[in-house]
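Since the structure comes first, as structure tokens, the remarks are kept for the end.
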Amino acid sequence: MKVIKEHIKTGKFKPFYLLYGEEDYLKRLYLKRLTSAILGDSDGMNYSLFEGRDIDPVMISEAASVLPFFADRRLIVVKNSGLFKTSSDLAELLDGMPDTTVIIFVEDEVDKRNKLYKLVKEQGTISEMNALDDNNLKLFAASLLEKEGKKITQSAASLIVEKCGSDMLAIQNEAEKLISYTLGRDIVTDSDVEAVITGQITGKLFNMIDAIGLKQKSQALELYYDLITLKEKPMTILYMVVRHMNLILQAKDLLERGKRADEIARLTGVQPFVAGKCISQSRNFTGDQLMQAIETGAELEEQIKTGRIAEKIGVEMLIITLSSK
């Protein structure tokens, strides 16, 4: 991302950009920034968009060969094409493309052995945009509020992340609500976050983990489907489940070493209510079960990213596995 920022700053662009990964917010943000910097005040005559898995590579190459009309550059955006996961002639078709054309590819997944991937790596810039860790998510939330002249306590920032998960778009939406809710005040507190953010996702996640630990498979699956209905992505749910299982494992280990609940909250870096829930849920699992759950989740993530299993079905299978007696 630093390289892309530098290109935008200097106005010197590569012929190809590939933005890929699971974090839609970052992909949208950098696509928007690149589009604005590349086209400037140019109108839509110098812009082409191709989207979906039925794109004809020849159409992309034909659009790429057109010279810009009363402008310095022509921009082509290709979204969710799957061309980095399948075999096509696009890499060869783009050979000799005019240096006035810039193509931005936006994808969820790629195969680094793919010819098109190798072309973009050789001649362009590739940026993998995945979910941020908790510390960076908290900084992101704080930065959104800071733009509006507001500060947030560390515990309140942690609470936002606990309630929204790793979804940056959700954090942005909730930050906008907090800005309006705290009109006339400079500091955003825990009570503000509790009042504004419903916490539906976090609450259902806690209940789903409870159901898994109690081997209530039907209840666990029902809560999973509820999370999907709330527009939570299966990959985000997988991240949250694995992260939460890891927290339960840490809480269990610290509890067995004689640590108090407040010490466990401090050592694991979570809110006291989250630590309390993890301590309670740790009684439903053995240490080996938790380790196995974390390992299985990591294996599933790799299978989903390499296209060996569909994410929604894969996470469903994980929940069935963990909650079966």
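Ordered as shown in the structure tokens, chains take letters A, B, and onward, while each chain numbers its residues from 1 and ligands are numbered from 1 in the order shown.
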
Near-segment 108-112 of chain A list (6 Å; only C-alpha atoms; drop same-chain fewer than 2 positions) as an MDAnalysis selection string: chainID A and resid 20:22 84:85 114 117

Same residues, N, CA and C atoms, output as a short mmCIF file (atom, residue, chain, number, x, y, z; two decimals), in the first residue's frame:
data_model
loop_
_atom_site.label_atom_id
_atom_site.label_comp_id
_atom_site.auth_asym_id
_atom_site.auth_seq_id
_atom_site.Cartn_x
_atom_site.Cartn_y
_atom_site.Cartn_z
N TYR A 20 -5.91 -7.35 -4.09
CA TYR A 20 -6.64 -8.58 -3.78
C TYR A 20 -6.59 -8.86 -2.28
N GLY A 21 -7.49 -9.74 -1.83
CA GLY A 21 -7.56 -10.08 -0.42
C GLY A 21 -8.99 -10.01 0.09
N GLU A 22 -9.14 -10.22 1.39
CA GLU A 22 -10.48 -10.34 1.97
C GLU A 22 -11.04 -9.02 2.49
N PHE A 84 -7.36 -14.61 -12.27
CA PHE A 84 -6.11 -14.96 -11.59
C PHE A 84 -6.19 -16.35 -10.96
N LYS A 85 -7.31 -17.03 -11.18
CA LYS A 85 -7.49 -18.39 -10.67
C LYS A 85 -7.68 -19.40 -11.79
N ASN A 114 -0.31 -18.29 -11.65
CA ASN A 114 -1.08 -17.86 -12.82
C ASN A 114 -0.25 -16.92 -13.70
N TYR A 117 -0.97 -13.24 -13.15
CA TYR A 117 -0.36 -12.78 -11.89
C TYR A 117 1.13 -12.46 -12.11
#

Per residue of segment 180-257 of chain A within 7 Å of segment 276-293 of chain A, what are the shortest atom pair and its distance in Å to one decimal, counting only C-alpha atoms, with rows by chain and residue number, as JSON lines?
{"residue": "A:Asp210", "atom": "CA", "partner": "A:Gln281", "partner_atom": "CA", "distance": 6.5}
{"residue": "A:Gly213", "atom": "CA", "partner": "A:Asn284", "partner_atom": "CA", "distance": 4.9}
{"residue": "A:Leu214", "atom": "CA", "partner": "A:Asn284", "partner_atom": "CA", "distance": 6.4}
{"residue": "A:Met245", "atom": "CA", "partner": "A:Leu290", "partner_atom": "CA", "distance": 6.2}
{"residue": "A:Leu247", "atom": "CA", "partner": "A:Cys278", "partner_atom": "CA", "distance": 6.7}
{"residue": "A:Ile248", "atom": "CA", "partner": "A:Cys278", "partner_atom": "CA", "distance": 4.9}
{"residue": "A:Leu249", "atom": "CA", "partner": "A:Leu290", "partner_atom": "CA", "distance": 6.1}
{"residue": "A:Ala251", "atom": "CA", "partner": "A:Ile279", "partner_atom": "CA", "distance": 5.7}
{"residue": "A:Lys252", "atom": "CA", "partner": "A:Ser282", "partner_atom": "CA", "distance": 5.5}

Q) Using only C-alpha atoms, which of A:Leu67, A:Ala265, A:Leu34, A:Ile320 sits nearest Ile209 of chain A? A)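 Result for the nearest residue to Ile209 of chain A: A:Ile320.
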
Note to self: Which of segment 33-277 of chain A end up as alpha helix (DSSP H) when DSSP is run on this backbone - answer as a PyMOL selection string?
What the structure shows: chain A and resi 33-39+57-64+90-93+115-123+134-146+154-164+168-181+190-196+200-213+217-229+234-256+261-268+272-277

Could the residues in this selection be saved with C-alpha atoms as a CSV table (one decimal), in the first residue's frame?
chain,number,residue,atom,x,y,z
A,33,ARG,CA,-7.8,6.8,-4.8
A,34,LEU,CA,-6.1,5.3,-7.8
A,35,THR,CA,-9.0,6.1,-10.1
A,36,SER,CA,-9.1,9.7,-9.0
A,37,ALA,CA,-5.4,10.1,-9.4
A,38,ILE,CA,-5.1,8.4,-12.8
A,39,LEU,CA,-8.1,10.0,-14.5
A,57,PRO,CA,-10.3,-11.4,-22.3
A,58,VAL,CA,-10.4,-10.1,-25.9
A,59,MET,CA,-12.8,-7.3,-24.9
A,60,ILE,CA,-10.3,-6.2,-22.2
A,61,SER,CA,-7.4,-6.2,-24.6
A,62,GLU,CA,-9.4,-4.3,-27.2
A,63,ALA,CA,-10.3,-1.6,-24.6
A,64,ALA,CA,-6.7,-1.5,-23.4
A,90,LEU,CA,-5.2,-12.3,-21.3
A,91,ALA,CA,-1.5,-12.0,-20.4
A,92,GLU,CA,-0.5,-12.5,-24.0
A,93,LEU,CA,-3.3,-10.3,-25.3
A,115,LYS,CA,0.4,-16.2,-16.0
A,116,LEU,CA,-1.6,-13.0,-15.5
A,117,TYR,CA,-0.4,-12.8,-11.9
A,118,LYS,CA,3.3,-13.2,-13.1
A,119,LEU,CA,2.7,-10.4,-15.7
A,120,VAL,CA,1.3,-8.0,-13.1
A,121,LYS,CA,4.1,-8.8,-10.7
A,122,GLU,CA,6.8,-8.2,-13.4
A,123,GLN,CA,5.4,-5.0,-14.8
A,134,ASP,CA,-6.9,-5.8,16.6
A,135,ASN,CA,-4.3,-3.1,17.4
A,136,ASN,CA,-4.5,-1.6,13.9
A,137,LEU,CA,-8.3,-1.9,13.8
A,138,LYS,CA,-8.4,0.2,17.0
A,139,LEU,CA,-6.0,2.7,15.4
A,140,PHE,CA,-8.3,2.8,12.4
A,141,ALA,CA,-11.4,3.5,14.5
A,142,ALA,CA,-9.5,6.2,16.4
A,143,SER,CA,-8.4,7.8,13.1
A,144,LEU,CA,-11.9,8.0,11.8
A,145,LEU,CA,-13.0,9.9,15.0
A,146,GLU,CA,-9.9,12.1,15.0
A,154,GLN,CA,-8.4,2.9,24.6
A,155,SER,CA,-11.0,0.7,26.2
A,156,ALA,CA,-13.8,2.2,24.0
A,157,ALA,CA,-11.7,1.6,20.9
A,158,SER,CA,-11.3,-2.0,22.0
A,159,LEU,CA,-15.0,-2.3,22.6
A,160,ILE,CA,-15.7,-1.1,19.0
A,161,VAL,CA,-13.5,-3.9,17.7
A,162,GLU,CA,-15.1,-6.5,20.0
A,163,LYS,CA,-18.5,-5.5,18.7
A,164,CYS,CA,-17.7,-5.1,15.0
A,168,MET,CA,-13.5,-2.1,8.5
A,169,LEU,CA,-16.7,-1.0,6.7
A,170,ALA,CA,-18.7,-1.9,9.8
A,171,ILE,CA,-16.3,0.1,12.0
A,172,GLN,CA,-16.6,3.1,9.7
A,173,ASN,CA,-20.4,3.0,9.8
A,174,GLU,CA,-20.4,2.7,13.6
A,175,ALA,CA,-17.8,5.5,13.9
A,176,GLU,CA,-20.2,7.8,11.9
A,177,LYS,CA,-23.0,7.0,14.3
A,178,LEU,CA,-20.7,7.7,17.3
A,179,ILE,CA,-19.7,11.1,15.8
A,180,SER,CA,-23.4,12.1,15.6
A,181,TYR,CA,-24.2,10.6,19.0
A,190,ASP,CA,-17.3,3.0,26.6
A,191,SER,CA,-20.8,4.0,27.5
A,192,ASP,CA,-21.1,5.8,24.1
A,193,VAL,CA,-20.1,2.7,22.3
A,194,GLU,CA,-22.5,0.5,24.3
A,195,ALA,CA,-25.3,2.9,23.6
A,196,VAL,CA,-24.7,3.2,19.8
A,200,GLN,CA,-25.7,-8.2,17.6
A,201,ILE,CA,-22.8,-9.9,15.9
A,202,THR,CA,-20.7,-10.2,19.1
A,203,GLY,CA,-23.6,-11.4,21.1
A,204,LYS,CA,-24.6,-14.1,18.6
A,205,LEU,CA,-20.9,-15.1,18.3
A,206,PHE,CA,-20.7,-15.6,22.1
A,207,ASN,CA,-23.9,-17.7,22.0
A,208,MET,CA,-22.7,-19.7,19.0
A,209,ILE,CA,-19.4,-20.5,20.9
A,210,ASP,CA,-21.6,-21.5,23.9
A,211,ALA,CA,-23.6,-23.8,21.7
A,212,ILE,CA,-20.5,-25.4,20.2
A,213,GLY,CA,-19.0,-26.0,23.7
A,217,LYS,CA,-25.2,-28.4,16.9
A,218,SER,CA,-28.6,-27.2,15.8
A,219,GLN,CA,-28.4,-24.1,17.9
A,220,ALA,CA,-24.8,-23.3,16.8
A,221,LEU,CA,-25.9,-23.6,13.1
A,222,GLU,CA,-29.0,-21.5,13.6
A,223,LEU,CA,-26.8,-18.7,15.1
A,224,TYR,CA,-24.3,-19.1,12.2
A,225,TYR,CA,-27.2,-18.6,9.7
A,226,ASP,CA,-28.3,-15.5,11.8
A,227,LEU,CA,-24.8,-14.0,11.4
A,228,ILE,CA,-24.9,-14.6,7.7
A,229,THR,CA,-28.4,-12.9,7.6
A,234,PRO,CA,-18.2,-16.4,6.5
A,235,MET,CA,-14.5,-15.7,6.4
A,236,THR,CA,-14.9,-13.0,9.1
A,237,ILE,CA,-17.0,-15.5,11.2
A,238,LEU,CA,-14.2,-18.0,10.8
A,239,TYR,CA,-11.6,-15.4,11.9
A,240,MET,CA,-13.8,-14.5,14.9
A,241,VAL,CA,-14.3,-18.1,15.9
A,242,VAL,CA,-10.6,-19.0,15.7
A,243,ARG,CA,-9.7,-15.8,17.5
A,244,HIS,CA,-12.2,-16.5,20.2
A,245,MET,CA,-11.1,-20.1,20.6
A,246,ASN,CA,-7.6,-18.8,21.1
A,247,LEU,CA,-8.8,-16.4,23.7
A,248,ILE,CA,-10.6,-19.2,25.5
A,249,LEU,CA,-7.4,-21.3,25.4
A,250,GLN,CA,-5.4,-18.4,26.9
A,251,ALA,CA,-8.0,-17.8,29.6
A,252,LYS,CA,-8.1,-21.5,30.5
A,253,ASP,CA,-4.3,-21.7,30.8
A,254,LEU,CA,-4.2,-18.5,32.9
A,255,LEU,CA,-7.0,-19.7,35.1
A,256,GLU,CA,-5.2,-23.0,35.7
A,261,ALA,CA,-10.4,-12.6,36.1
A,262,ASP,CA,-9.1,-9.0,36.0
A,263,GLU,CA,-5.5,-10.3,35.5
A,264,ILE,CA,-6.7,-12.5,32.6
A,265,ALA,CA,-8.4,-9.5,31.0
A,266,ARG,CA,-5.2,-7.5,31.3
A,267,LEU,CA,-2.9,-10.3,30.0
A,268,THR,CA,-5.1,-11.2,27.1
A,272,PRO,CA,-13.3,-7.6,31.4
A,273,PHE,CA,-16.7,-8.8,30.2
A,274,VAL,CA,-15.1,-10.6,27.3
A,275,ALA,CA,-12.5,-12.2,29.7
A,276,GLY,CA,-15.4,-13.3,32.0
A,277,LYS,CA,-17.2,-14.9,29.1

Rounded to one decimal, what separation in Å do you get between atom CA of Gly40 of chain A and atom CA of Tyr25 of chain A?
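So the answer is 22.1 Å.
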
Just the residues within 7 Å of segment 14-16 of chain A, please, counting only C-alpha atoms, with nothing from its chain fewer than 3 positions along; format it as a short mmCIF file (atom, residue, chain, number, x, y, z; two decimals) with C-alpha atoms, in the first residue's frame.
data_model
loop_
_atom_site.label_atom_id
_atom_site.label_comp_id
_atom_site.auth_asym_id
_atom_site.auth_seq_id
_atom_site.Cartn_x
_atom_site.Cartn_y
_atom_site.Cartn_z
CA ASP A 99 1.83 3.02 -22.16
CA THR A 101 -3.33 2.60 -20.48
CA VAL A 102 -3.53 1.57 -16.82
CA ILE A 103 -5.42 -1.56 -15.74
CA ILE A 104 -6.52 -2.12 -12.12
CA VAL A 120 1.34 -7.98 -13.14
CA GLN A 123 5.35 -5.02 -14.84
CA GLY A 124 3.04 -3.63 -12.20
CA THR A 125 2.23 -3.45 -8.50
#

Pairwise distance, atom CA of Asp24 of chain A with atom CA of Glu107 of chain A, equals 9.6 Å

| field | DSSP-assigned strand (DSSP E) members of segment 76-232 of chain A, reported as a list in words | value | Ile76, Val77, Val78, Lys79, Thr101, Val102, Ile103, Ile104, Phe105, Val106, Glu107, Thr125, Ile126, Ser127, Glu128, Lys151, Ile152, Ile187 and Val188 of chain A

Since we have the selection now, will you write its residues out, keeping N, CA and C atoms, as an mmCIF file, in the first residue's frame?
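Listing of out_30.cif after writing:
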data_model
loop_
_atom_site.group_PDB
_atom_site.id
_atom_site.type_symbol
_atom_site.label_atom_id
_atom_site.label_comp_id
_atom_site.auth_asym_id
_atom_site.auth_seq_id
_atom_site.Cartn_x
_atom_site.Cartn_y
_atom_site.Cartn_z
ATOM 1 N N ILE A 76 -8.704 1.172 -17.108
ATOM 2 C CA ILE A 76 -9.590 0.007 -17.187
ATOM 3 C C ILE A 76 -9.600 -0.671 -15.822
ATOM 4 N N VAL A 77 -10.789 -0.919 -15.282
ATOM 5 C CA VAL A 77 -10.942 -1.605 -14.005
ATOM 6 C C VAL A 77 -11.591 -2.965 -14.266
ATOM 7 N N VAL A 78 -10.972 -4.011 -13.744
ATOM 8 C CA VAL A 78 -11.485 -5.376 -13.890
ATOM 9 C C VAL A 78 -11.723 -5.929 -12.485
ATOM 10 N N LYS A 79 -13.002 -6.226 -12.158
ATOM 11 C CA LYS A 79 -13.346 -6.626 -10.794
ATOM 12 C C LYS A 79 -13.919 -8.043 -10.755
ATOM 13 N N THR A 101 -2.260 3.379 -21.119
ATOM 14 C CA THR A 101 -3.334 2.603 -20.482
ATOM 15 C C THR A 101 -2.879 2.067 -19.128
ATOM 16 N N VAL A 102 -3.761 2.163 -18.140
ATOM 17 C CA VAL A 102 -3.529 1.573 -16.817
ATOM 18 C C VAL A 102 -4.699 0.628 -16.535
ATOM 19 N N ILE A 103 -4.382 -0.583 -16.092
ATOM 20 C CA ILE A 103 -5.421 -1.556 -15.735
ATOM 21 C C ILE A 103 -5.319 -1.875 -14.247
ATOM 22 N N ILE A 104 -6.458 -1.756 -13.540
ATOM 23 C CA ILE A 104 -6.524 -2.117 -12.117
ATOM 24 C C ILE A 104 -7.396 -3.359 -11.988
ATOM 25 N N PHE A 105 -6.820 -4.425 -11.461
ATOM 26 C CA PHE A 105 -7.565 -5.653 -11.179
ATOM 27 C C PHE A 105 -7.933 -5.672 -9.694
ATOM 28 N N VAL A 106 -9.184 -6.002 -9.391
ATOM 29 C CA VAL A 106 -9.640 -6.115 -8.007
ATOM 30 C C VAL A 106 -10.223 -7.515 -7.827
ATOM 31 N N GLU A 107 -9.572 -8.332 -7.001
ATOM 32 C CA GLU A 107 -9.966 -9.729 -6.857
ATOM 33 C C GLU A 107 -9.983 -10.135 -5.383
ATOM 34 N N THR A 125 2.179 -3.467 -9.965
ATOM 35 C CA THR A 125 2.225 -3.449 -8.495
ATOM 36 C C THR A 125 1.110 -4.326 -7.945
ATOM 37 N N ILE A 126 1.453 -5.180 -6.990
ATOM 38 C CA ILE A 126 0.486 -6.074 -6.358
ATOM 39 C C ILE A 126 0.384 -5.722 -4.885
ATOM 40 N N SER A 127 -0.855 -5.603 -4.396
ATOM 41 C CA SER A 127 -1.062 -5.299 -2.978
ATOM 42 C C SER A 127 -2.111 -6.240 -2.407
ATOM 43 N N GLU A 128 -1.691 -7.044 -1.423
ATOM 44 C CA GLU A 128 -2.628 -7.947 -0.745
ATOM 45 C C GLU A 128 -3.269 -7.193 0.413
ATOM 46 N N LYS A 151 -11.640 12.364 20.267
ATOM 47 C CA LYS A 151 -10.704 11.382 20.786
ATOM 48 C C LYS A 151 -11.504 10.233 21.397
ATOM 49 N N ILE A 152 -10.863 9.081 21.492
ATOM 50 C CA ILE A 152 -11.541 7.912 22.048
ATOM 51 C C ILE A 152 -10.635 7.236 23.056
ATOM 52 N N ILE A 187 -14.777 13.577 23.695
ATOM 53 C CA ILE A 187 -14.286 12.253 24.064
ATOM 54 C C ILE A 187 -15.376 11.210 23.864
ATOM 55 N N VAL A 188 -15.024 10.106 23.189
ATOM 56 C CA VAL A 188 -15.931 8.971 23.014
ATOM 57 C C VAL A 188 -15.565 7.914 24.055
#

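The coordinates place atom CA of Glu302 of chain A at 12.1 Å from atom CA of Val315 of chain A.
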
Counting only C-alpha atoms, which residue out of A:Ala131, A:Leu322, A:Ile309, A:Leu300 sits closest to Lys215 of chain A?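 When distances to Lys215 of chain A are compared using only C-alpha atoms, the smallest one comes from A:Leu322.
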
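With distances restricted to only C-alpha atoms, A:Lys233 is the closest residue to Gly165 of chain A from A:Arg257, A:Arg113, A:Lys147, A:Lys233.
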